[in-house]
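Structure file model-v1.pdb with PDB, C-alpha atoms:
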```
ATOM      1  CA  GLY I   1      34.572-109.885 124.943
ATOM      2  CA  LEU I   2      35.011-111.205 121.438
ATOM      3  CA  ARG I   3      37.726-110.523 118.848
ATOM      4  CA  PHE I   4      36.746-111.424 115.316
ATOM      5  CA  ASP I   5      37.361-110.972 111.628
ATOM      6  CA  TYR I   6      34.256-109.537 110.015
ATOM      7  CA  GLU I   7      33.112-109.075 106.436
ATOM      8  CA  ASP I   8      30.423-106.416 105.931
ATOM      9  CA  ALA I   9      27.566-106.582 103.405
ATOM     10  CA  GLN I  10      29.832-105.087 100.722
ATOM     11  CA  GLY I  11      32.513-107.732 101.334
ATOM     12  CA  ARG I  12      34.952-105.392 103.092
ATOM     13  CA  PRO I  13      36.953-107.169 105.818
ATOM     14  CA  SER I  14      37.778-105.694 109.218
ATOM     15  CA  LYS I  15      39.081-106.812 112.594
ATOM     16  CA  ARG I  16      36.818-106.061 115.539
ATOM     17  CA  SER I  17      36.735-106.383 119.290
ATOM     18  CA  VAL I  18      33.302-106.208 120.929
ATOM     19  CA  CYS I  19      31.833-106.554 124.409
ATOM     20  CA  ILE I  20      28.574-108.309 123.523
ATOM     21  CA  TYR I  21      25.466-106.762 125.097
ATOM     22  CA  GLY I  22      22.723-108.691 123.311
ATOM     23  CA  ILE I  23      21.866-111.289 120.654
ATOM     24  CA  PHE I  24      18.757-111.411 118.469
ATOM     25  CA  ASP I  25      17.296-113.008 115.361
ATOM     26  CA  ARG I  26      15.793-111.092 112.464
ATOM     27  CA  ASP I  27      14.303-112.703 109.350
ATOM     28  CA  GLY I  28      16.326-115.900 109.741
ATOM     29  CA  HIS I  29      19.672-114.231 110.499
ATOM     30  CA  GLY I  30      21.371-114.045 113.883
ATOM     31  CA  TYR I  31      22.849-110.759 115.115
ATOM     32  CA  PHE I  32      24.752-109.540 118.147
ATOM     33  CA  CYS I  33      25.369-106.030 119.316
ATOM     34  CA  GLY I  34      27.692-104.495 121.815
ATOM     35  CA  LEU I  35      30.401-101.959 122.415
ATOM     36  CA  ASP I  36      32.752-101.988 119.412
ATOM     37  CA  ASP I  37      36.227-100.915 120.548
ATOM     38  CA  THR I  38      37.099 -99.831 116.991
ATOM     39  CA  ARG I  39      34.252 -97.328 116.806
ATOM     40  CA  GLY I  40      33.770 -96.600 120.514
ATOM     41  CA  ALA I  41      30.041 -97.103 120.040
ATOM     42  CA  VAL I  42      27.431 -99.842 120.240
ATOM     43  CA  ARG I  43      27.244-101.610 116.870
ATOM     44  CA  THR I  44      25.299-104.539 115.434
ATOM     45  CA  PHE I  45      26.911-107.442 113.542
ATOM     46  CA  ARG I  46      25.404-110.284 111.537
ATOM     47  CA  ILE I  47      26.704-113.581 112.900
ATOM     48  CA  ASP I  48      27.169-115.304 109.520
ATOM     49  CA  ARG I  49      29.548-112.513 108.457
ATOM     50  CA  VAL I  50      31.988-113.351 111.248
ATOM     51  CA  ARG I  51      34.891-115.218 109.594
ATOM     52  CA  ARG I  52      36.986-116.108 112.675
ATOM     53  CA  ALA I  53      36.427-115.378 116.331
ATOM     54  CA  ARG I  54      37.967-115.913 119.726
ATOM     55  CA  ALA I  55      36.923-114.949 123.223
ATOM     56  CA  THR I  56      39.160-112.338 124.838
ATOM     57  CA  GLY I  57      38.386-113.276 128.422
ATOM     58  CA  GLY I  58      37.989-110.735 131.136
ATOM     59  CA  GLU I  59      34.831-109.269 132.518
ATOM     60  CA  TYR I  60      32.661-106.339 131.536
ATOM     61  CA  GLU I  61      29.253-105.031 132.529
ATOM     62  CA  VAL I  62      26.362-104.324 130.239
ATOM     63  CA  PRO I  63      25.300-100.728 130.979
ATOM     64  CA  ALA I  64      22.159-100.532 133.115
ATOM     65  CA  ASP I  65      20.475 -98.256 130.555
ATOM     66  CA  PHE I  66      21.194-100.580 127.594
ATOM     67  CA  ASP I  67      17.989-101.694 125.862
ATOM     68  CA  LEU I  68      18.370-104.227 123.059
ATOM     69  CA  ARG I  69      15.119-102.952 121.489
ATOM     70  CA  ASP I  70      16.969 -99.743 120.592
ATOM     71  CA  TYR I  71      19.197-101.781 118.269
ATOM     72  CA  LEU I  72      16.627-104.005 116.603
ATOM     73  CA  PHE I  73      16.022-102.949 113.046
ATOM     74  CA  LEU I  74      13.406-103.436 110.396
ATOM     75  CA  ASP I  75      13.992-104.037 106.678
ATOM     76  CA  PHE I  76      13.306-100.420 105.762
ATOM     77  CA  ASP I  77      16.085 -99.182 108.092
ATOM     78  CA  LEU I  78      18.855-100.620 105.906
ATOM     79  CA  ALA I  79      18.901 -98.252 102.927
ATOM     80  CA  ALA I  80      21.072 -95.228 102.325
ATOM     81  CA  GLY I  81      19.574 -91.771 102.296
ATOM     82  CA  GLU I  82      17.183 -89.647 104.265
ATOM     83  CA  THR I  83      14.283 -90.973 106.291
ATOM     84  CA  VAL I  84      10.645 -90.346 105.472
ATOM     85  CA  ALA I  85       7.787 -90.626 107.973
ATOM     86  CA  ALA I  86       5.566 -93.546 106.979
ATOM     87  CA  THR I  87       2.220 -94.333 108.573
ATOM     88  CA  PHE I  88       0.590 -97.758 108.674
ATOM     89  CA  SER I  89      -2.703 -98.926 110.142
ATOM     90  CA  PHE I  90      -3.931-102.067 111.892
ATOM     91  CA  PRO I  91      -7.561-102.960 112.645
ATOM     92  CA  GLY I  92      -8.781-101.431 115.903
ATOM     93  CA  ASP I  93      -9.334-104.839 117.514
ATOM     94  CA  THR I  94      -5.742-105.991 116.921
ATOM     95  CA  PRO I  95      -4.207-106.879 120.310
ATOM     96  CA  ARG I  96      -1.588-104.350 121.471
ATOM     97  CA  GLY I  97       0.894-107.215 121.951
ATOM     98  CA  LEU I  98       0.695-108.101 118.250
ATOM     99  CA  VAL I  99       1.127-104.472 117.220
ATOM    100  CA  ASP I 100       4.192-104.214 119.489
ATOM    101  CA  ALA I 101       5.629-107.473 118.129
ATOM    102  CA  ILE I 102       5.372-106.277 114.519
ATOM    103  CA  THR I 103       6.519-102.706 115.167
ATOM    104  CA  LEU I 104       9.145-103.606 117.783
ATOM    105  CA  GLY I 105       7.541-100.840 119.815
ATOM    106  CA  ARG I 106       9.300 -98.254 117.650
ATOM    107  CA  GLY I 107       7.936 -95.008 116.336
ATOM    108  CA  ASP I 108       4.639 -93.456 117.359
ATOM    109  CA  ILE I 109       1.854 -95.964 118.029
ATOM    110  CA  ARG I 110      -1.604 -94.663 118.834
ATOM    111  CA  HIS I 111      -5.070 -96.158 119.005
ATOM    112  CA  GLU I 112      -8.101 -94.347 117.672
ATOM    113  CA  ASP I 113     -10.709 -96.326 115.707
ATOM    114  CA  THR I 114      -7.719 -98.178 114.301
ATOM    115  CA  TRP I 115      -4.094 -98.546 115.362
ATOM    116  CA  LEU I 116      -1.853 -96.015 113.618
ATOM    117  CA  TRP I 117       1.903 -96.493 113.532
ATOM    118  CA  THR I 118       4.186 -93.730 112.245
ATOM    119  CA  VAL I 119       7.856 -94.563 111.907
ATOM    120  CA  PRO I 120      10.833 -93.173 109.954
ATOM    121  CA  VAL I 121      11.763 -95.341 106.955
ATOM    122  CA  ARG I 122      14.761 -95.145 104.641
ATOM    123  CA  SER I 123      13.287 -97.276 101.860
ATOM    124  CA  ILE I 124       9.682 -96.842 100.728
ATOM    125  CA  ASP I 125       9.873-100.086  98.706
ATOM    126  CA  ALA I 126      11.152-102.066 101.721
ATOM    127  CA  ALA I 127       8.444-100.484 103.905
ATOM    128  CA  ALA I 128       5.765-101.510 101.379
ATOM    129  CA  ALA I 129       7.165-105.071 101.279
ATOM    130  CA  PHE I 130       7.229-105.185 105.099
ATOM    131  CA  CYS I 131       3.595-104.062 105.182
ATOM    132  CA  LEU I 132       2.637-106.668 102.578
ATOM    133  CA  ARG I 133       4.248-109.426 104.696
ATOM    134  CA  HIS I 134       2.016-108.342 107.581
ATOM    135  CA  ALA I 135      -1.152-107.858 105.520
ATOM    136  CA  VAL I 136      -2.562-111.047 107.026
ATOM    137  CA  GLU I 137      -2.582-109.223 110.379
ATOM    138  CA  GLY I 138      -4.498-106.373 108.724
ATOM    139  CA  MET I 139      -1.538-104.012 108.298
ATOM    140  CA  ARG I 140      -2.108-101.405 105.571
ATOM    141  CA  PRO I 141      -0.142 -98.372 104.316
ATOM    142  CA  VAL I 142      -1.654 -94.960 105.086
ATOM    143  CA  ALA I 143       0.940 -92.336 104.079
ATOM    144  CA  PRO I 144       2.854 -91.010 102.218
ATOM    145  CA  GLU I 145       1.311 -91.537  98.803
ATOM    146  CA  ALA I 146       4.592 -93.072  97.536
ATOM    147  CA  LEU I 147       4.208 -95.845 100.143
ATOM    148  CA  ILE I 148       0.656 -96.591  98.998
ATOM    149  CA  ASP I 149       1.816 -96.592  95.360
ATOM    150  CA  ALA I 150       4.666 -99.010  96.195
ATOM    151  CA  TRP I 151       2.216-101.276  98.090
ATOM    152  CA  ASN I 152      -0.215-101.300  95.134
ATOM    153  CA  GLY I 153       2.661-101.896  92.704
ATOM    154  CA  SER I 154       3.826-104.911  94.733
ATOM    155  CA  ILE I 155       0.345-106.385  94.726
ATOM    156  CA  GLU I 156      -0.104-105.770  90.992
ATOM    157  CA  GLY I 157       3.309-107.327  90.275
ATOM    158  CA  THR I 158       2.460-110.419  92.308
ATOM    159  CA  VAL I 159      -0.957-110.827  90.664
ATOM    160  CA  THR I 160       0.493-110.330  87.176
ATOM    161  CA  ALA I 161       3.239-112.895  87.842
ATOM    162  CA  HIS I 162       0.673-115.508  88.894
ATOM    163  CA  VAL I 163      -1.913-114.945  86.147
TER     164      VAL I 163
END
```

Just give me the structure as structure tokens.
Amino acid sequence: GLRFDYEDAQGRPSKRSVCIYGIFDRDGHGYFCGLDDTRGAVRTFRIDRVRRARATGGEYEVPADFDLRDYLFLDFDLAAGETVAATFSFPGDTPRGLVDAITLGRGDIRHEDTWLWTVPVRSIDAAAAFCLRHAVEGMRPVAPEALIDAWNGSIEGTVTAHV
């Protein structure tokens, strides 16, 4: 396990003790997740927010049903508030592996003439920005209308800034 001093995104310090189950990278930041003794639940921590750490020794087992993919997050997961179902499309000839890599296999993914991905989002603006980052792969917003409006607003803002 690992005991560490942690500072959350709001700058609040805490002392934690975690049995690490997995490590991953997201948008240039390293993360680890595991059983947090303080909360009695699996939690995710950003590595650069760890202020001091020391190994606790001892052994533990990662539960057989633990799947790191359940703890990977996307930008639009990190806002406060209720979730909204957002739907995105990819061209029909996009390889399934690429769709899975972008979507992390989350939400509902189905293939008709195009790929359609429906996933809960907490931030429409972050979902639009995520979609814009993957526009080169053919990703486009489908619904709700607020997502399409945010997408168009991002494009208009970028064009205006560069004119």

Practice task
Counting only C-alpha atoms, select every polymer residue within 12 Å of (22.2, -96.7, 115.6) as defined in the file's coordinates, and provide the selection as an NGL selection string.
Solution key: :I and (33-35 or 41-45 or 68-73 or 77-78)

Those same residues - C-alpha atoms - I'd like them written as a short mmCIF file (atom, residue, chain, number, x, y, z; two decimals), keeping the file's coordinate frame.
```
data_model
loop_
_atom_site.label_atom_id
_atom_site.label_comp_id
_atom_site.auth_asym_id
_atom_site.auth_seq_id
_atom_site.Cartn_x
_atom_site.Cartn_y
_atom_site.Cartn_z
CA CYS I 33 25.37 -106.03 119.32
CA GLY I 34 27.69 -104.50 121.82
CA LEU I 35 30.40 -101.96 122.42
CA ALA I 41 30.04 -97.10 120.04
CA VAL I 42 27.43 -99.84 120.24
CA ARG I 43 27.24 -101.61 116.87
CA THR I 44 25.30 -104.54 115.43
CA PHE I 45 26.91 -107.44 113.54
CA LEU I 68 18.37 -104.23 123.06
CA ARG I 69 15.12 -102.95 121.49
CA ASP I 70 16.97 -99.74 120.59
CA TYR I 71 19.20 -101.78 118.27
CA LEU I 72 16.63 -104.00 116.60
CA PHE I 73 16.02 -102.95 113.05
CA ASP I 77 16.08 -99.18 108.09
CA LEU I 78 18.86 -100.62 105.91
#
```

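Distance annotation: of I:Ile23, I:Arg49, I:Ala135, I:Gly92, the residue with the minimal separation from Ala9 of chain I is I:Arg49; atom set is only C-alpha atoms.
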
Exercise for the section: Please evaluate the PyMOL selection byres ((chain I and resi 106-121) around 7) against the structure above and give the resulting residues as JSON, numbers by chain. Expected result: {"I": [76, 77, 83, 84, 85, 86, 87, 88, 89, 90, 91, 92, 103, 104, 105, 122, 123, 124, 127]}

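For the choices I:Tyr6, I:Asp65, I:Ser14, I:Ala80, the atom-to-atom distance to Arg46 of chain I is smallest for I:Tyr6 when using only C-alpha atoms.
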
Exercise for the section: Excluding Asp5 of chain I and residues on its chain fewer than 3 positions from it, collect all residues at most 10 Å away from it, counting all atoms listed in the file, and give them as a VMD selection string. Expected result: chain I and resid 13 to 17 49 to 54

Could you write out the selected residues, including C-alpha atoms, as a compact mmCIF listing (two decimals), in the coordinates of the input?
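Result saved to selection18.txt:
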```txt
# COMPACT_ATOMS: atom_id res chain seq x y z
CA PRO I 13 36.95 -107.17 105.82
CA SER I 14 37.78 -105.69 109.22
CA LYS I 15 39.08 -106.81 112.59
CA ARG I 16 36.82 -106.06 115.54
CA SER I 17 36.74 -106.38 119.29
CA ARG I 49 29.55 -112.51 108.46
CA VAL I 50 31.99 -113.35 111.25
CA ARG I 51 34.89 -115.22 109.59
CA ARG I 52 36.99 -116.11 112.68
CA ALA I 53 36.43 -115.38 116.33
CA ARG I 54 37.97 -115.91 119.73
```

Practice task
Output the residue selection produced by the PyMOL selection byres ((chain I and resi 2) around 6) on the file above, formatted as a PyMOL selection string.
Solution key: chain I and resi 1+3+17-18+54-56

Take the residues from that selection and write them out as a PDB file, in the frame of the given file, keeping C-alpha atoms.
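Full text of out-v8.pdb as output:
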```
ATOM      1  CA  GLY I   1      34.572-109.885 124.943  1.00  0.00           C
ATOM      2  CA  ARG I   3      37.726-110.523 118.848  1.00  0.00           C
ATOM      3  CA  SER I  17      36.735-106.383 119.290  1.00  0.00           C
ATOM      4  CA  VAL I  18      33.302-106.208 120.929  1.00  0.00           C
ATOM      5  CA  ARG I  54      37.967-115.913 119.726  1.00  0.00           C
ATOM      6  CA  ALA I  55      36.923-114.949 123.223  1.00  0.00           C
ATOM      7  CA  THR I  56      39.160-112.338 124.838  1.00  0.00           C
TER       8      THR I  56
END
```

Please, what is the axis-aligned box for every listed atom of segment 61-64 of chain I with 5 Å on each side, as centre and edge lengths in Å to one decimal, as lines of an AutoDock Vina configuration file?
```
center_x = 25.7
center_y = -102.8
center_z = 131.7
size_x = 17.1
size_y = 14.5
size_z = 12.9
```

Practice task
May I ask which of the residues I:Asp37, I:Glu59, I:Asp149, I:Asp27 is the closest one to Asp75 of chain I, counting all atoms listed in the file?
Solution key: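 That would be I:Asp27, the residue with the smallest distance to Asp75 of chain I.
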
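Of the listed residues (I:Ile47, I:Thr38, I:Ala143, I:Tyr21), I:Tyr21 comes nearest to Ala64 of chain I; the distances count all atoms listed in the file.
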
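This file, filtered with the PyMOL selection byres ((chain I and resi 134) around 12), gives the residues Phe88, Ser89, Phe90, Leu98, Val99, Ala101, Ile102, Thr103, Ala127, Ala128, Ala129, Phe130, Cys131, Leu132, Arg133, Ala135, Val136, Glu137, Gly138, Met139, Arg140, Pro141 and Trp151 of chain I.
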
Output C-alpha atoms for every residue in that selection, as a PDB file, in the frame of the given file.
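Done, and the output landed in again24.pdb:
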```
ATOM      1  CA  PHE I  88       0.590 -97.758 108.674  1.00  0.00           C
ATOM      2  CA  SER I  89      -2.703 -98.926 110.142  1.00  0.00           C
ATOM      3  CA  PHE I  90      -3.931-102.067 111.892  1.00  0.00           C
ATOM      4  CA  LEU I  98       0.695-108.101 118.250  1.00  0.00           C
ATOM      5  CA  VAL I  99       1.127-104.472 117.220  1.00  0.00           C
ATOM      6  CA  ALA I 101       5.629-107.473 118.129  1.00  0.00           C
ATOM      7  CA  ILE I 102       5.372-106.277 114.519  1.00  0.00           C
ATOM      8  CA  THR I 103       6.519-102.706 115.167  1.00  0.00           C
ATOM      9  CA  ALA I 127       8.444-100.484 103.905  1.00  0.00           C
ATOM     10  CA  ALA I 128       5.765-101.510 101.379  1.00  0.00           C
ATOM     11  CA  ALA I 129       7.165-105.071 101.279  1.00  0.00           C
ATOM     12  CA  PHE I 130       7.229-105.185 105.099  1.00  0.00           C
ATOM     13  CA  CYS I 131       3.595-104.062 105.182  1.00  0.00           C
ATOM     14  CA  LEU I 132       2.637-106.668 102.578  1.00  0.00           C
ATOM     15  CA  ARG I 133       4.248-109.426 104.696  1.00  0.00           C
ATOM     16  CA  ALA I 135      -1.152-107.858 105.520  1.00  0.00           C
ATOM     17  CA  VAL I 136      -2.562-111.047 107.026  1.00  0.00           C
ATOM     18  CA  GLU I 137      -2.582-109.223 110.379  1.00  0.00           C
ATOM     19  CA  GLY I 138      -4.498-106.373 108.724  1.00  0.00           C
ATOM     20  CA  MET I 139      -1.538-104.012 108.298  1.00  0.00           C
ATOM     21  CA  ARG I 140      -2.108-101.405 105.571  1.00  0.00           C
ATOM     22  CA  PRO I 141      -0.142 -98.372 104.316  1.00  0.00           C
ATOM     23  CA  TRP I 151       2.216-101.276  98.090  1.00  0.00           C
TER      24      TRP I 151
END
```
